[in-house]
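Structure record follows, encoded as structure tokens.
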Amino acid sequence: MQPKADPRYHVVEALAERVEAASGGRMQWELFAGDEIVPGAEVIQGVRDGIIDAGASATVFVMDMFPSAGLFFQVAGGMTPIPQALWYMEGGGIELCREMFEPIDSYPLASYCLSSPEVWAHSTVPLNTPADFKGLKMRALGDPANIIANMGASVVTMFGGEIYESTQRGVIDTFEMGTFGANWGMGFQEVAPYVYQSPTRGPTDLQLFHINKQSWNELPPDLQKMLESAVWLEALKFYSREIQQEVAYKQKFVDYGCEVQPLPQAVEDEFARLAKEYYDEKSAADPFFAKVVESQRAFQAITESLGIR
């Protein structure tokens, strides 16, 4: 799971309380933060191997196993939280995700965490033009990381709990992580004075609750249904709380002295151009990747035609 300083850790705490109450005490959990039993970036592998029964994590951490995994986390220029959740629920998303994970013993049940569009980047240096990305050392994840690499940055993948110290030590110049609320709790205002806002890189931060397939199959049907419903409910409750808090947390960064500003249009345009190019190229080379992209784009077209963004 997430570090204990991350608000998303507390979603799982609330979920544990809910399932214990809803099950009449038949389901009780012992919780551990990322890195306490398995490395924070290897939660899904820990579930697969039966080291833990279940875990909350992002599919982006298994892109080495599944090249399409990043699509189930966030898509540059893609759907924001509610459309993405609806795609998962009734648009074929969760079925595609389970199809991808079929070869291993980790079962993606539902999203435990819907999150607002992420801060585009926190940086120790100004990012005014695409040229500023040449040689930039940036922490990024998933397909957006590959797009940023195509802008000329030197991309580093690391667990969220490593970002603060890595920035402080100069290992990275710039990073992406999460929302204003999550990032304030991680102390990022102390190490990166430039903050850029745009929904294009991370329209949402949708993370999934995974359960070991044997552990899942051992649950009676009523507990399976209860657990799936409880996970989705806590995801929606978290999102409701988060969007109400985001404005205040953004102001905290401003009051601290950070320069919070929109992503410069030149950077936005270049990123959008490279993003479309990237997804089209990957789709042409990988039938399953193409299948997921086509499904997402079709659902996004429906929601946008109705003004749902």
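In the structure tokens, chains take the letters A, B, ... in the order shown, each chain's residues start at 1, and ligands count up from 1 in the order shown.
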Which of segment 48-149 of chain A DSSP labels alpha helix (DSSP H), written as a PyMOL selection string: chain A and resi 48+81-90+93-101+142-149
Dump as an mmCIF file, in the first residue's frame, selection limited to C-alpha atoms:
```
data_model
loop_
_atom_site.group_PDB
_atom_site.id
_atom_site.type_symbol
_atom_site.label_atom_id
_atom_site.label_comp_id
_atom_site.auth_asym_id
_atom_site.auth_seq_id
_atom_site.Cartn_x
_atom_site.Cartn_y
_atom_site.Cartn_z
ATOM 1 C CA ARG A 48 0.645 -12.830 -6.761
ATOM 2 C CA PRO A 81 -11.918 10.227 -12.393
ATOM 3 C CA ILE A 82 -15.661 9.738 -12.826
ATOM 4 C CA PRO A 83 -15.623 8.793 -16.542
ATOM 5 C CA GLN A 84 -12.686 6.469 -15.837
ATOM 6 C CA ALA A 85 -14.551 4.828 -12.955
ATOM 7 C CA LEU A 86 -17.682 4.435 -15.077
ATOM 8 C CA TRP A 87 -15.592 2.821 -17.810
ATOM 9 C CA TYR A 88 -14.275 0.358 -15.238
ATOM 10 C CA MET A 89 -17.723 -0.371 -13.807
ATOM 11 C CA GLU A 90 -19.908 -0.718 -16.896
ATOM 12 C CA GLY A 93 -12.704 -1.676 -18.166
ATOM 13 C CA ILE A 94 -12.538 -4.092 -15.251
ATOM 14 C CA GLU A 95 -13.069 -7.044 -17.593
ATOM 15 C CA LEU A 96 -10.143 -5.931 -19.750
ATOM 16 C CA CYS A 97 -8.011 -5.439 -16.666
ATOM 17 C CA ARG A 98 -8.818 -8.925 -15.399
ATOM 18 C CA GLU A 99 -8.067 -10.330 -18.842
ATOM 19 C CA MET A 100 -4.615 -8.787 -18.653
ATOM 20 C CA PHE A 101 -3.962 -10.194 -15.168
ATOM 21 C CA GLY A 142 3.672 4.675 -16.637
ATOM 22 C CA ASP A 143 3.039 5.664 -20.204
ATOM 23 C CA PRO A 144 3.244 9.401 -19.365
ATOM 24 C CA ALA A 145 6.819 8.733 -18.251
ATOM 25 C CA ASN A 146 7.646 7.386 -21.709
ATOM 26 C CA ILE A 147 6.063 10.437 -23.303
ATOM 27 C CA ILE A 148 8.099 12.744 -21.057
ATOM 28 C CA ALA A 149 11.201 10.764 -21.983
#
```
Could you list, as a list in words, every residue within 9 Å of Val292 of chain A, counting only C-alpha atoms and ignoring same-chain residues fewer than 3 positions away? Ser68, Leu71, Phe72, Gly93, Leu96, Cys97, Ser283, Pro287, Phe288, Phe289, Ser295, Gln296 and Arg297 of chain A
Identify, on the basis of only C-alpha atoms, every residue whose closest approach to segment 208-220 of chain A does not exceed 9 Å; exclude the query and any residue fewer than 4 positions from it along the same chain; express the result as a tab-separated table (two decimals) with N, CA and C atoms, in the first residue's frame.
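For reference, part.tsv as written:
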```
chain	number	residue	atom	x	y	z
A	43	VAL	N	3.74	-4.43	-4.56
A	43	VAL	CA	2.56	-4.94	-3.84
A	43	VAL	C	1.84	-6.00	-4.66
A	44	ILE	N	1.65	-5.74	-5.94
A	44	ILE	CA	0.93	-6.71	-6.78
A	44	ILE	C	1.71	-8.02	-6.88
A	46	GLY	N	3.61	-9.14	-4.54
A	46	GLY	CA	3.42	-9.77	-3.24
A	46	GLY	C	2.10	-10.50	-3.16
A	47	VAL	N	1.06	-9.93	-3.76
A	47	VAL	CA	-0.24	-10.59	-3.82
A	47	VAL	C	-0.15	-11.83	-4.69
A	48	ARG	N	0.47	-11.70	-5.83
A	48	ARG	CA	0.64	-12.83	-6.76
A	48	ARG	C	1.33	-14.01	-6.09
A	49	ASP	N	2.37	-13.72	-5.31
A	49	ASP	CA	3.16	-14.77	-4.70
A	49	ASP	C	2.59	-15.28	-3.38
A	50	GLY	N	1.47	-14.71	-2.93
A	50	GLY	CA	0.85	-15.16	-1.70
A	50	GLY	C	1.55	-14.66	-0.45
A	52	ILE	N	1.21	-11.67	0.69
A	52	ILE	CA	0.08	-10.97	1.31
A	52	ILE	C	-1.19	-11.43	0.60
A	53	ASP	N	-2.30	-11.40	1.33
A	53	ASP	CA	-3.58	-11.84	0.75
A	53	ASP	C	-4.14	-10.82	-0.23
A	54	ALA	N	-3.91	-9.55	0.06
A	54	ALA	CA	-4.46	-8.49	-0.78
A	54	ALA	C	-3.58	-7.26	-0.66
A	55	GLY	N	-3.75	-6.36	-1.62
A	55	GLY	CA	-2.95	-5.14	-1.58
A	55	GLY	C	-3.58	-4.07	-2.44
A	56	ALA	N	-3.27	-2.84	-2.11
A	56	ALA	CA	-3.78	-1.68	-2.85
A	56	ALA	C	-2.60	-1.04	-3.57
A	57	SER	N	-2.69	-0.97	-4.89
A	57	SER	CA	-1.55	-0.45	-5.64
A	57	SER	C	-1.99	-0.01	-7.03
A	58	ALA	N	-1.04	0.54	-7.76
A	58	ALA	CA	-1.28	1.00	-9.13
A	58	ALA	C	-0.71	0.00	-10.12
A	59	THR	N	-1.44	-0.24	-11.19
A	59	THR	CA	-0.98	-1.19	-12.21
A	59	THR	C	0.30	-0.74	-12.89
A	72	PHE	N	-4.38	1.16	-17.40
A	72	PHE	CA	-5.37	0.96	-16.33
A	72	PHE	C	-5.08	1.83	-15.11
A	73	PHE	N	-4.07	2.67	-15.24
A	73	PHE	CA	-3.68	3.59	-14.17
A	73	PHE	C	-4.08	5.01	-14.53
A	104	ILE	N	-1.51	-14.41	-13.99
A	104	ILE	CA	-0.90	-14.46	-12.65
A	104	ILE	C	-1.97	-14.53	-11.57
A	105	ASP	N	-1.56	-14.86	-10.35
A	105	ASP	CA	-2.49	-15.07	-9.25
A	105	ASP	C	-2.80	-13.78	-8.49
A	106	SER	N	-3.09	-12.73	-9.23
A	106	SER	CA	-3.50	-11.47	-8.62
A	106	SER	C	-4.76	-11.02	-9.33
A	107	TYR	N	-5.84	-10.85	-8.55
A	107	TYR	CA	-7.15	-10.55	-9.13
A	107	TYR	C	-7.52	-9.10	-8.84
A	108	PRO	N	-7.59	-8.25	-9.87
A	108	PRO	CA	-7.98	-6.86	-9.66
A	108	PRO	C	-9.49	-6.78	-9.41
A	109	LEU	N	-9.86	-6.40	-8.20
A	109	LEU	CA	-11.27	-6.43	-7.81
A	109	LEU	C	-12.01	-5.16	-8.21
A	110	ALA	N	-11.49	-4.03	-7.80
A	110	ALA	CA	-12.15	-2.75	-8.04
A	110	ALA	C	-11.17	-1.64	-7.68
A	111	SER	N	-11.54	-0.41	-7.99
A	111	SER	CA	-10.71	0.72	-7.60
A	111	SER	C	-11.01	1.09	-6.15
A	112	TYR	N	-9.96	1.16	-5.34
A	112	TYR	CA	-10.13	1.60	-3.96
A	112	TYR	C	-9.89	3.10	-3.83
A	113	CYS	N	-9.40	3.72	-4.91
A	113	CYS	CA	-8.99	5.11	-4.82
A	113	CYS	C	-9.17	5.82	-6.15
A	224	GLN	N	-17.65	-11.93	-1.15
A	224	GLN	CA	-17.08	-11.41	-2.39
A	224	GLN	C	-17.86	-10.18	-2.86
A	225	LYS	N	-19.19	-10.30	-2.89
A	225	LYS	CA	-20.02	-9.18	-3.33
A	225	LYS	C	-19.89	-7.99	-2.38
A	231	VAL	N	-15.24	-1.68	-1.65
A	231	VAL	CA	-14.06	-1.06	-2.26
A	231	VAL	C	-14.49	0.12	-3.12
```
Write out as an MDAnalysis selection string each polymer residue whose atoms come within 12 Å of Asp222 of chain A, counting only C-alpha atoms; drop sequence neighbours fewer than 6 positions from it. chainID A and resid 19 22:24 26:27 216 228:229
Kindly save the residues from that selection, with N, CA and C atoms included, as a short mmCIF file (atom, residue, chain, number, x, y, z; two decimals), in the first residue's frame.
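Produced file out05.cif, reproduced below:
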```cif
data_model
loop_
_atom_site.label_atom_id
_atom_site.label_comp_id
_atom_site.auth_asym_id
_atom_site.auth_seq_id
_atom_site.Cartn_x
_atom_site.Cartn_y
_atom_site.Cartn_z
N VAL A 19 -15.51 -3.31 6.02
CA VAL A 19 -15.75 -4.73 5.72
C VAL A 19 -15.90 -5.54 7.00
N ALA A 22 -19.52 -4.71 8.04
CA ALA A 22 -20.50 -5.24 7.09
C ALA A 22 -20.55 -6.77 7.11
N SER A 23 -19.44 -7.39 7.46
CA SER A 23 -19.38 -8.86 7.48
C SER A 23 -19.75 -9.42 8.85
N GLY A 24 -20.08 -8.56 9.79
CA GLY A 24 -20.37 -9.03 11.14
C GLY A 24 -19.15 -9.63 11.81
N ARG A 26 -16.76 -11.32 10.26
CA ARG A 26 -16.22 -12.49 9.57
C ARG A 26 -14.97 -12.15 8.76
N MET A 27 -14.81 -10.87 8.40
CA MET A 27 -13.64 -10.45 7.63
C MET A 27 -12.90 -9.39 8.42
N TRP A 216 -9.24 -15.10 -2.82
CA TRP A 216 -10.52 -14.66 -3.35
C TRP A 216 -11.48 -15.84 -3.49
N GLU A 228 -16.43 -6.23 -2.93
CA GLU A 228 -16.36 -5.45 -4.15
C GLU A 228 -17.13 -4.14 -4.01
N SER A 229 -18.32 -4.21 -3.44
CA SER A 229 -19.13 -3.00 -3.25
C SER A 229 -18.45 -2.03 -2.28
#
```
One number please: atom CA of Ser123 of chain A to atom CA of Gly78 of chain A, in Å, one decimal. 23.5 Å
Can you tell me which residues surround Pro126 of chain A at a distance of at most 10 Å, considering only C-alpha atoms, apart from same-chain residues fewer than 4 positions away, and format the answer as a ChimeraX atom specification? /A:122,132-133,174,193-196,259
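Ranking A:Thr303, A:Ser115, A:Gln2, A:Thr80 by their shortest atom-to-atom distance to Glu242 of chain A, with only C-alpha atoms included, puts A:Ser115 first.
Among the candidates A:Val155, A:Met65, A:Ala266, A:Ala285, the one nearest to Asn128 of chain A when counting only C-alpha atoms is A:Ala266.
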